[in-house]
file protein-v3.cif (mmCIF, C-alpha atoms)
data_target
#
loop_
_atom_site.label_atom_id
_atom_site.label_comp_id
_atom_site.auth_asym_id
_atom_site.auth_seq_id
_atom_site.Cartn_x
_atom_site.Cartn_y
_atom_site.Cartn_z
CA MET O 1 4.48 45.88 5.07
CA GLU O 2 6.27 46.79 1.84
CA LEU O 3 5.76 44.11 -0.79
CA THR O 4 8.82 42.28 -2.05
CA PHE O 5 8.24 40.48 -5.32
CA PRO O 6 9.78 37.12 -6.28
CA SER O 7 12.00 37.07 -9.36
CA GLY O 8 10.47 37.01 -12.83
CA THR O 9 11.94 33.55 -13.35
CA ALA O 10 10.26 32.23 -10.22
CA LEU O 11 6.92 33.70 -11.25
CA GLY O 12 7.34 32.29 -14.76
CA VAL O 13 7.53 28.79 -13.31
CA PHE O 14 5.01 29.33 -10.52
CA VAL O 15 2.12 30.60 -12.68
CA PRO O 16 1.78 27.60 -15.05
CA MET O 17 2.20 25.25 -12.10
CA VAL O 18 -0.73 26.93 -10.34
CA VAL O 19 -2.86 26.70 -13.50
CA ALA O 20 -2.13 22.97 -13.74
CA LEU O 21 -2.91 22.36 -10.06
CA VAL O 22 -6.19 24.29 -10.11
CA ALA O 23 -7.26 22.37 -13.22
CA VAL O 24 -7.00 19.06 -11.32
CA PRO O 25 -10.53 18.03 -10.17
CA GLY O 26 -11.07 18.05 -6.42
CA PRO O 27 -13.56 19.08 -3.72
CA ASN O 28 -13.44 22.76 -4.70
CA MET O 29 -14.21 22.17 -8.37
CA LEU O 30 -16.88 19.62 -7.49
CA LEU O 31 -18.64 22.06 -5.18
CA ILE O 32 -18.71 24.81 -7.81
CA LEU O 33 -19.91 22.54 -10.61
CA SER O 34 -22.57 20.86 -8.50
CA ARG O 35 -23.93 24.19 -7.25
CA GLY O 36 -24.10 25.53 -10.78
CA ILE O 37 -25.75 22.44 -12.19
CA GLY O 38 -28.17 22.10 -9.30
CA GLN O 39 -28.98 25.72 -8.39
CA GLY O 40 -27.89 28.01 -11.21
CA ARG O 41 -25.65 30.99 -11.85
CA ARG O 42 -25.89 32.74 -8.48
CA ALA O 43 -25.02 29.62 -6.49
CA ALA O 44 -22.11 28.70 -8.78
CA PHE O 45 -20.45 32.12 -8.64
CA ALA O 46 -21.06 32.52 -4.91
CA SER O 47 -19.49 29.11 -4.29
CA ALA O 48 -16.47 30.03 -6.45
CA VAL O 49 -15.91 33.22 -4.47
CA GLY O 50 -16.37 31.32 -1.21
CA VAL O 51 -13.79 28.72 -2.20
CA GLU O 52 -11.22 31.42 -2.90
CA LEU O 53 -11.98 33.21 0.36
CA GLY O 54 -10.85 29.92 1.88
CA THR O 55 -7.69 30.15 -0.24
CA MET O 56 -6.90 33.51 1.37
CA VAL O 57 -7.11 31.86 4.79
CA HIS O 58 -4.42 29.42 3.68
CA VAL O 59 -2.32 32.25 2.22
CA LEU O 60 -2.41 34.22 5.46
CA GLY O 61 -1.85 31.04 7.44
CA THR O 62 1.28 30.30 5.42
CA VAL O 63 2.61 33.80 5.97
CA VAL O 64 2.27 33.54 9.76
CA GLY O 65 3.44 29.92 9.94
CA ILE O 66 0.20 28.02 10.67
CA SER O 67 0.75 25.68 7.74
CA ALA O 68 4.15 24.77 9.16
CA LEU O 69 2.44 23.62 12.34
CA ILE O 70 0.03 21.44 10.37
CA ALA O 71 2.89 19.77 8.49
CA THR O 72 5.11 19.17 11.49
CA SER O 73 2.47 18.15 14.03
CA ALA O 74 0.67 14.86 13.47
CA LEU O 75 -2.09 15.96 15.84
CA ALA O 76 -2.69 19.26 14.02
CA PHE O 77 -2.69 17.54 10.64
CA ASN O 78 -5.17 14.93 11.83
CA VAL O 79 -7.49 17.55 13.33
CA VAL O 80 -7.69 19.42 10.02
CA LYS O 81 -7.85 16.21 8.00
CA TYR O 82 -10.74 14.67 9.91
CA ALA O 83 -12.62 17.96 10.20
CA GLY O 84 -12.45 18.33 6.42
CA ALA O 85 -13.49 14.73 5.85
CA ALA O 86 -16.42 15.10 8.27
CA TYR O 87 -17.63 18.24 6.53
CA LEU O 88 -17.57 16.57 3.10
CA VAL O 89 -19.48 13.60 4.50
CA TYR O 90 -21.97 16.03 6.05
CA LEU O 91 -22.52 17.71 2.68
CA GLY O 92 -23.01 14.29 1.08
CA VAL O 93 -25.58 13.12 3.63
CA ARG O 94 -27.40 16.45 3.51
CA THR O 95 -27.59 16.29 -0.28
CA LEU O 96 -28.85 12.69 -0.28
CA LEU O 97 -31.54 13.45 2.30
CA ALA O 98 -32.76 16.66 0.65
CA LYS O 99 -35.98 16.65 -1.33
CA ALA O 100 -35.43 17.28 -5.02
CA GLU O 101 -38.08 19.15 -6.94
CA ALA O 102 -37.30 19.83 -10.59
CA PRO O 103 -40.27 21.08 -12.65
CA ALA O 104 -40.07 20.43 -16.37
CA GLY O 105 -37.97 23.06 -18.09
CA ALA O 106 -36.59 24.48 -14.84
CA PRO O 107 -32.98 24.14 -13.67
CA ALA O 108 -32.38 20.93 -11.75
CA ALA O 109 -32.15 21.56 -8.03
CA ALA O 110 -30.71 18.93 -5.73
CA THR O 111 -31.36 21.06 -2.67
CA GLU O 112 -33.44 23.99 -1.56
CA PRO O 113 -31.94 27.29 -2.86
CA LEU O 114 -29.35 28.59 -0.40
CA ARG O 115 -28.58 32.16 0.60
CA VAL O 116 -25.43 33.77 -0.79
CA ARG O 117 -23.98 33.96 2.72
CA THR O 118 -24.46 30.21 3.19
CA LEU O 119 -22.94 29.45 -0.21
CA LEU O 120 -19.91 31.61 0.58
CA ARG O 121 -19.47 29.94 3.96
CA GLN O 122 -19.73 26.41 2.56
CA GLY O 123 -17.29 27.18 -0.25
CA ALA O 124 -14.78 28.65 2.18
CA LEU O 125 -15.10 25.73 4.61
CA VAL O 126 -14.59 23.10 1.91
CA ASN O 127 -11.30 24.80 1.02
CA VAL O 128 -10.14 25.73 4.52
CA LEU O 129 -10.76 22.21 5.82
CA ASN O 130 -8.81 20.56 2.99
CA PRO O 131 -5.39 19.73 4.52
CA LYS O 132 -3.89 19.12 1.09
CA VAL O 133 -4.29 22.81 0.29
CA ALA O 134 -2.46 23.88 3.45
CA LEU O 135 0.29 21.37 2.73
CA PHE O 136 0.57 22.63 -0.84
CA PHE O 137 1.22 26.15 0.33
CA LEU O 138 3.77 24.97 2.87
CA ALA O 139 5.61 22.63 0.50
CA LEU O 140 5.72 24.62 -2.72
CA LEU O 141 5.45 28.35 -2.07
CA PRO O 142 8.75 28.55 -0.16
CA GLN O 143 10.55 27.04 -3.15
CA TYR O 144 9.83 30.22 -5.12
CA VAL O 145 11.01 32.57 -2.39
CA ASN O 146 14.53 34.00 -2.45
CA PRO O 147 15.58 35.40 0.97
CA SER O 148 18.28 37.48 -0.70
CA ARG O 149 15.57 39.55 -2.42
CA GLY O 150 14.06 40.73 0.87
CA SER O 151 11.24 39.77 3.21
CA VAL O 152 10.32 36.09 2.96
CA ALA O 153 6.85 36.77 4.38
CA SER O 154 6.24 39.48 1.78
CA GLN O 155 7.32 37.26 -1.12
CA THR O 156 5.12 34.46 0.23
CA LEU O 157 2.17 36.83 0.40
CA VAL O 158 2.72 37.94 -3.22
CA LEU O 159 2.84 34.32 -4.40
CA GLY O 160 -0.32 33.58 -2.43
CA LEU O 161 -2.11 36.52 -4.03
CA VAL O 162 -1.02 35.31 -7.47
CA PHE O 163 -2.40 31.87 -6.64
CA PHE O 164 -5.65 33.47 -5.41
CA ALA O 165 -6.09 35.52 -8.59
CA ILE O 166 -5.47 32.57 -10.92
CA ALA O 167 -7.65 30.18 -8.94
CA LEU O 168 -10.51 32.68 -8.70
CA ALA O 169 -10.43 33.33 -12.44
CA MET O 170 -10.47 29.61 -13.22
CA ASP O 171 -13.18 28.88 -10.67
CA LEU O 172 -15.38 31.57 -12.21
CA VAL O 173 -14.88 29.89 -15.59
CA TYR O 174 -15.99 26.59 -14.04
CA ALA O 175 -18.98 28.37 -12.52
CA ALA O 176 -20.00 29.84 -15.87
CA ALA O 177 -19.58 26.47 -17.58
CA SER O 178 -21.63 24.70 -14.91
CA VAL O 179 -24.58 27.00 -15.54
CA GLY O 180 -24.60 26.08 -19.21
CA VAL O 181 -24.30 22.39 -18.40
CA GLY O 182 -27.12 22.72 -15.86
CA ALA O 183 -29.43 24.41 -18.36
CA PHE O 184 -28.80 21.62 -20.86
CA LEU O 185 -29.22 18.81 -18.35
CA ALA O 186 -32.36 20.38 -16.87
CA ARG O 187 -34.24 19.07 -19.89
CA SER O 188 -33.60 15.55 -18.67
CA ALA O 189 -36.07 14.41 -15.99
CA ARG O 190 -33.89 11.38 -15.32
CA PHE O 191 -30.90 13.59 -14.58
CA ALA O 192 -33.04 15.77 -12.31
CA ARG O 193 -33.83 12.70 -10.20
CA ALA O 194 -30.30 11.29 -10.28
CA GLN O 195 -28.31 14.48 -9.81
CA LYS O 196 -28.62 14.69 -6.04
CA TYR O 197 -27.55 11.06 -5.66
CA ILE O 198 -24.53 11.54 -7.93
CA THR O 199 -23.47 14.68 -6.07
CA GLY O 200 -24.17 13.28 -2.62
CA CYS O 201 -22.29 10.05 -3.25
CA THR O 202 -19.36 11.96 -4.72
CA TYR O 203 -19.13 14.07 -1.57
CA LEU O 204 -19.16 10.91 0.54
CA VAL O 205 -16.36 9.34 -1.52
CA LEU O 206 -14.28 12.52 -1.26
CA GLY O 207 -14.89 12.67 2.48
CA VAL O 208 -13.73 9.10 3.00
CA SER O 209 -10.70 9.72 0.76
CA ALA O 210 -9.80 12.87 2.70
CA ALA O 211 -9.88 10.90 5.95
CA PHE O 212 -7.02 8.76 4.63
CA ALA O 213 -4.98 11.68 3.25
CA GLU O 214 -1.29 11.55 4.06
CA PRO O 215 1.17 14.41 4.36
CA ALA O 216 3.17 12.99 1.47
CA GLY O 217 2.54 14.35 -1.99
CA HIS O 218 1.44 17.84 -0.89
CA ARG O 219 -1.03 18.25 -3.73
CA ALA O 220 -3.80 20.84 -3.51
CA ASN O 221 -6.61 18.83 -5.03
#
call {"tool": "encode", "arguments": {"input": "protein-v3.cif", "output": "structure tokens"}}
result
Amino acid sequence: MELTFPSGTALGVFVPMVVALVAVPGPNMLLILSRGIGQGRRAAFASAVGVELGTMVHVLGTVVGISALIATSALAFNVVKYAGAAYLVYLGVRTLLAKAEAPAGAPAAATEPLRVRTLLRQGALVNVLNPKVALFFLALLPQYVNPSRGSVASQTLVLGLVFFAIALAMDLVYAAASVGVGAFLARSARFARAQKYITGCTYLVLGVSAAFAEPAGHRAN
């Protein structure tokens, strides 16, 4: 498929909007920061890449019309919504039940170190199972597409790739920052004990909040 690019004006408005949306804290940012603080550089960067692999699922879904189904079908929306909420609750319970061992001077670890493949999968699932992200792509990407310029699907794909590139860059910045924060906080034994409870409870709150998400608003938090 030959790529058809949106107008420069559309991209000029779309790019800062994406930056603002990605900067809003949500499940994706929380996952990256908590992995970095709890498990270090490898976990943070793997989680960031995993999250954005999930973004590509939404991009491709938008191109082929899956997001439209989610927005127009109450059943489809609820399936995605409750699956996402259940997964966040699962992460919260798993974090709370995990044994935390943080030797003095070592990075705080709320859970046992995870393999890169597991970190990638969890990051992708947190993003894929967030219905707000799918609704964002459905609600906003088409507004920057001009059918008179050529293929709508191609323009949508280009916008999705722009979103992916910006979000990945910002997530990697969050990952790098989380490592520094984790190294600083590792000196605190109190934080080492409390970190898993803070992270676990936050996941639970996000899971409950996601369960009550509504189609209105269409924000990709």
call {"tool": "resolve_selection", "arguments": {"input": "protein-v3.cif", "expression": "the PyMOL selection byres ((chain O and resi 48) around 12)", "output": "mmCIF file with C-alpha atoms, in the frame of the given file"}}
result
data_model
loop_
_atom_site.group_PDB
_atom_site.id
_atom_site.type_symbol
_atom_site.label_atom_id
_atom_site.label_comp_id
_atom_site.auth_asym_id
_atom_site.auth_seq_id
_atom_site.Cartn_x
_atom_site.Cartn_y
_atom_site.Cartn_z
ATOM 1 C CA PRO O 27 -13.560 19.080 -3.720
ATOM 2 C CA ASN O 28 -13.440 22.760 -4.700
ATOM 3 C CA MET O 29 -14.210 22.170 -8.370
ATOM 4 C CA LEU O 30 -16.880 19.620 -7.490
ATOM 5 C CA LEU O 31 -18.640 22.060 -5.180
ATOM 6 C CA ILE O 32 -18.710 24.810 -7.810
ATOM 7 C CA LEU O 33 -19.910 22.540 -10.610
ATOM 8 C CA SER O 34 -22.570 20.860 -8.500
ATOM 9 C CA ARG O 35 -23.930 24.190 -7.250
ATOM 10 C CA GLY O 36 -24.100 25.530 -10.780
ATOM 11 C CA ARG O 41 -25.650 30.990 -11.850
ATOM 12 C CA ARG O 42 -25.890 32.740 -8.480
ATOM 13 C CA ALA O 43 -25.020 29.620 -6.490
ATOM 14 C CA ALA O 44 -22.110 28.700 -8.780
ATOM 15 C CA PHE O 45 -20.450 32.120 -8.640
ATOM 16 C CA ALA O 46 -21.060 32.520 -4.910
ATOM 17 C CA SER O 47 -19.490 29.110 -4.290
ATOM 18 C CA VAL O 49 -15.910 33.220 -4.470
ATOM 19 C CA GLY O 50 -16.370 31.320 -1.210
ATOM 20 C CA VAL O 51 -13.790 28.720 -2.200
ATOM 21 C CA GLU O 52 -11.220 31.420 -2.900
ATOM 22 C CA LEU O 53 -11.980 33.210 0.360
ATOM 23 C CA GLY O 54 -10.850 29.920 1.880
ATOM 24 C CA THR O 55 -7.690 30.150 -0.240
ATOM 25 C CA VAL O 116 -25.430 33.770 -0.790
ATOM 26 C CA LEU O 119 -22.940 29.450 -0.210
ATOM 27 C CA LEU O 120 -19.910 31.610 0.580
ATOM 28 C CA ARG O 121 -19.470 29.940 3.960
ATOM 29 C CA GLN O 122 -19.730 26.410 2.560
ATOM 30 C CA GLY O 123 -17.290 27.180 -0.250
ATOM 31 C CA ALA O 124 -14.780 28.650 2.180
ATOM 32 C CA LEU O 125 -15.100 25.730 4.610
ATOM 33 C CA VAL O 126 -14.590 23.100 1.910
ATOM 34 C CA ASN O 127 -11.300 24.800 1.020
ATOM 35 C CA PHE O 164 -5.650 33.470 -5.410
ATOM 36 C CA ALA O 165 -6.090 35.520 -8.590
ATOM 37 C CA ALA O 167 -7.650 30.180 -8.940
ATOM 38 C CA LEU O 168 -10.510 32.680 -8.700
ATOM 39 C CA ALA O 169 -10.430 33.330 -12.440
ATOM 40 C CA MET O 170 -10.470 29.610 -13.220
ATOM 41 C CA ASP O 171 -13.180 28.880 -10.670
ATOM 42 C CA LEU O 172 -15.380 31.570 -12.210
ATOM 43 C CA VAL O 173 -14.880 29.890 -15.590
ATOM 44 C CA TYR O 174 -15.990 26.590 -14.040
ATOM 45 C CA ALA O 175 -18.980 28.370 -12.520
ATOM 46 C CA ALA O 176 -20.000 29.840 -15.870
ATOM 47 C CA SER O 178 -21.630 24.700 -14.910
#
call {"tool": "residues_around", "arguments": {"input": "protein-v3.cif", "residues": "Ala86 (chain O)", "least_positions_apart": "3", "cutoff": "9 Å", "atoms": "all atoms listed in the file", "output": "JSON, numbers by chain"}}
result
{"O": [81, 82, 83, 89, 90, 91, 207, 208, 210, 211]}
call {"tool": "atom_distance", "arguments": {"input": "protein-v3.cif", "atom1": "CA of Val179 (chain O)", "atom2": "CA of Gly40 (chain O)"}}
result
5.5 Å
call {"tool": "closest_residue", "arguments": {"input": "protein-v3.cif", "among": "O:Phe212, O:Tyr203, O:Phe137, O:Tyr87", "to": "Gly26 (chain O)", "atoms": "only C-alpha atoms"}}
result
O:Tyr203
call {"tool": "closest_residue", "arguments": {"input": "protein-v3.cif", "among": "O:Ser151, O:Thr156, O:Gln39, O:Asn130", "to": "Leu11 (chain O)", "atoms": "all atoms listed in the file"}}
result
O:Thr156
call {"tool": "atom_distance", "arguments": {"input": "protein-v3.cif", "atom1": "CA of Val18 (chain O)", "atom2": "CA of Val145 (chain O)"}}
result
15.3 Å
call {"tool": "atom_distance", "arguments": {"input": "protein-v3.cif", "atom1": "CA of Gly150 (chain O)", "atom2": "CA of Gly8 (chain O)"}}
result
14.6 Å
call {"tool": "closest_residue", "arguments": {"input": "protein-v3.cif", "among": "O:Leu60, O:Leu157, O:Val181, O:Leu204", "to": "Thr4 (chain O)", "atoms": "all atoms listed in the file"}}
result
O:Leu157
call {"tool": "closest_residue", "arguments": {"input": "protein-v3.cif", "among": "O:Pro6, O:Gly38, O:Gly84, O:Gly180", "to": "Ala194 (chain O)", "atoms": "only C-alpha atoms"}}
result
O:Gly38
call {"tool": "resolve_selection", "arguments": {"input": "protein-v3.cif", "expression": "the PyMOL selection byres ((chain O and resi 59) around 10)", "output": "MDAnalysis selection string"}}
result
chainID O and resid 53:58 60:67 133:134 137:138 141 156:161 163:164
call {"tool": "closest_residue", "arguments": {"input": "protein-v3.cif", "among": "O:Ala177, O:Val152, O:Asn78, O:Val162", "to": "Val15 (chain O)", "atoms": "only C-alpha atoms"}}
result
O:Val162
call {"tool": "closest_residue", "arguments": {"input": "protein-v3.cif", "among": "O:Pro142, O:Arg94, O:Ile166, O:Val205", "to": "Pro16 (chain O)", "atoms": "only C-alpha atoms"}}
result
O:Ile166
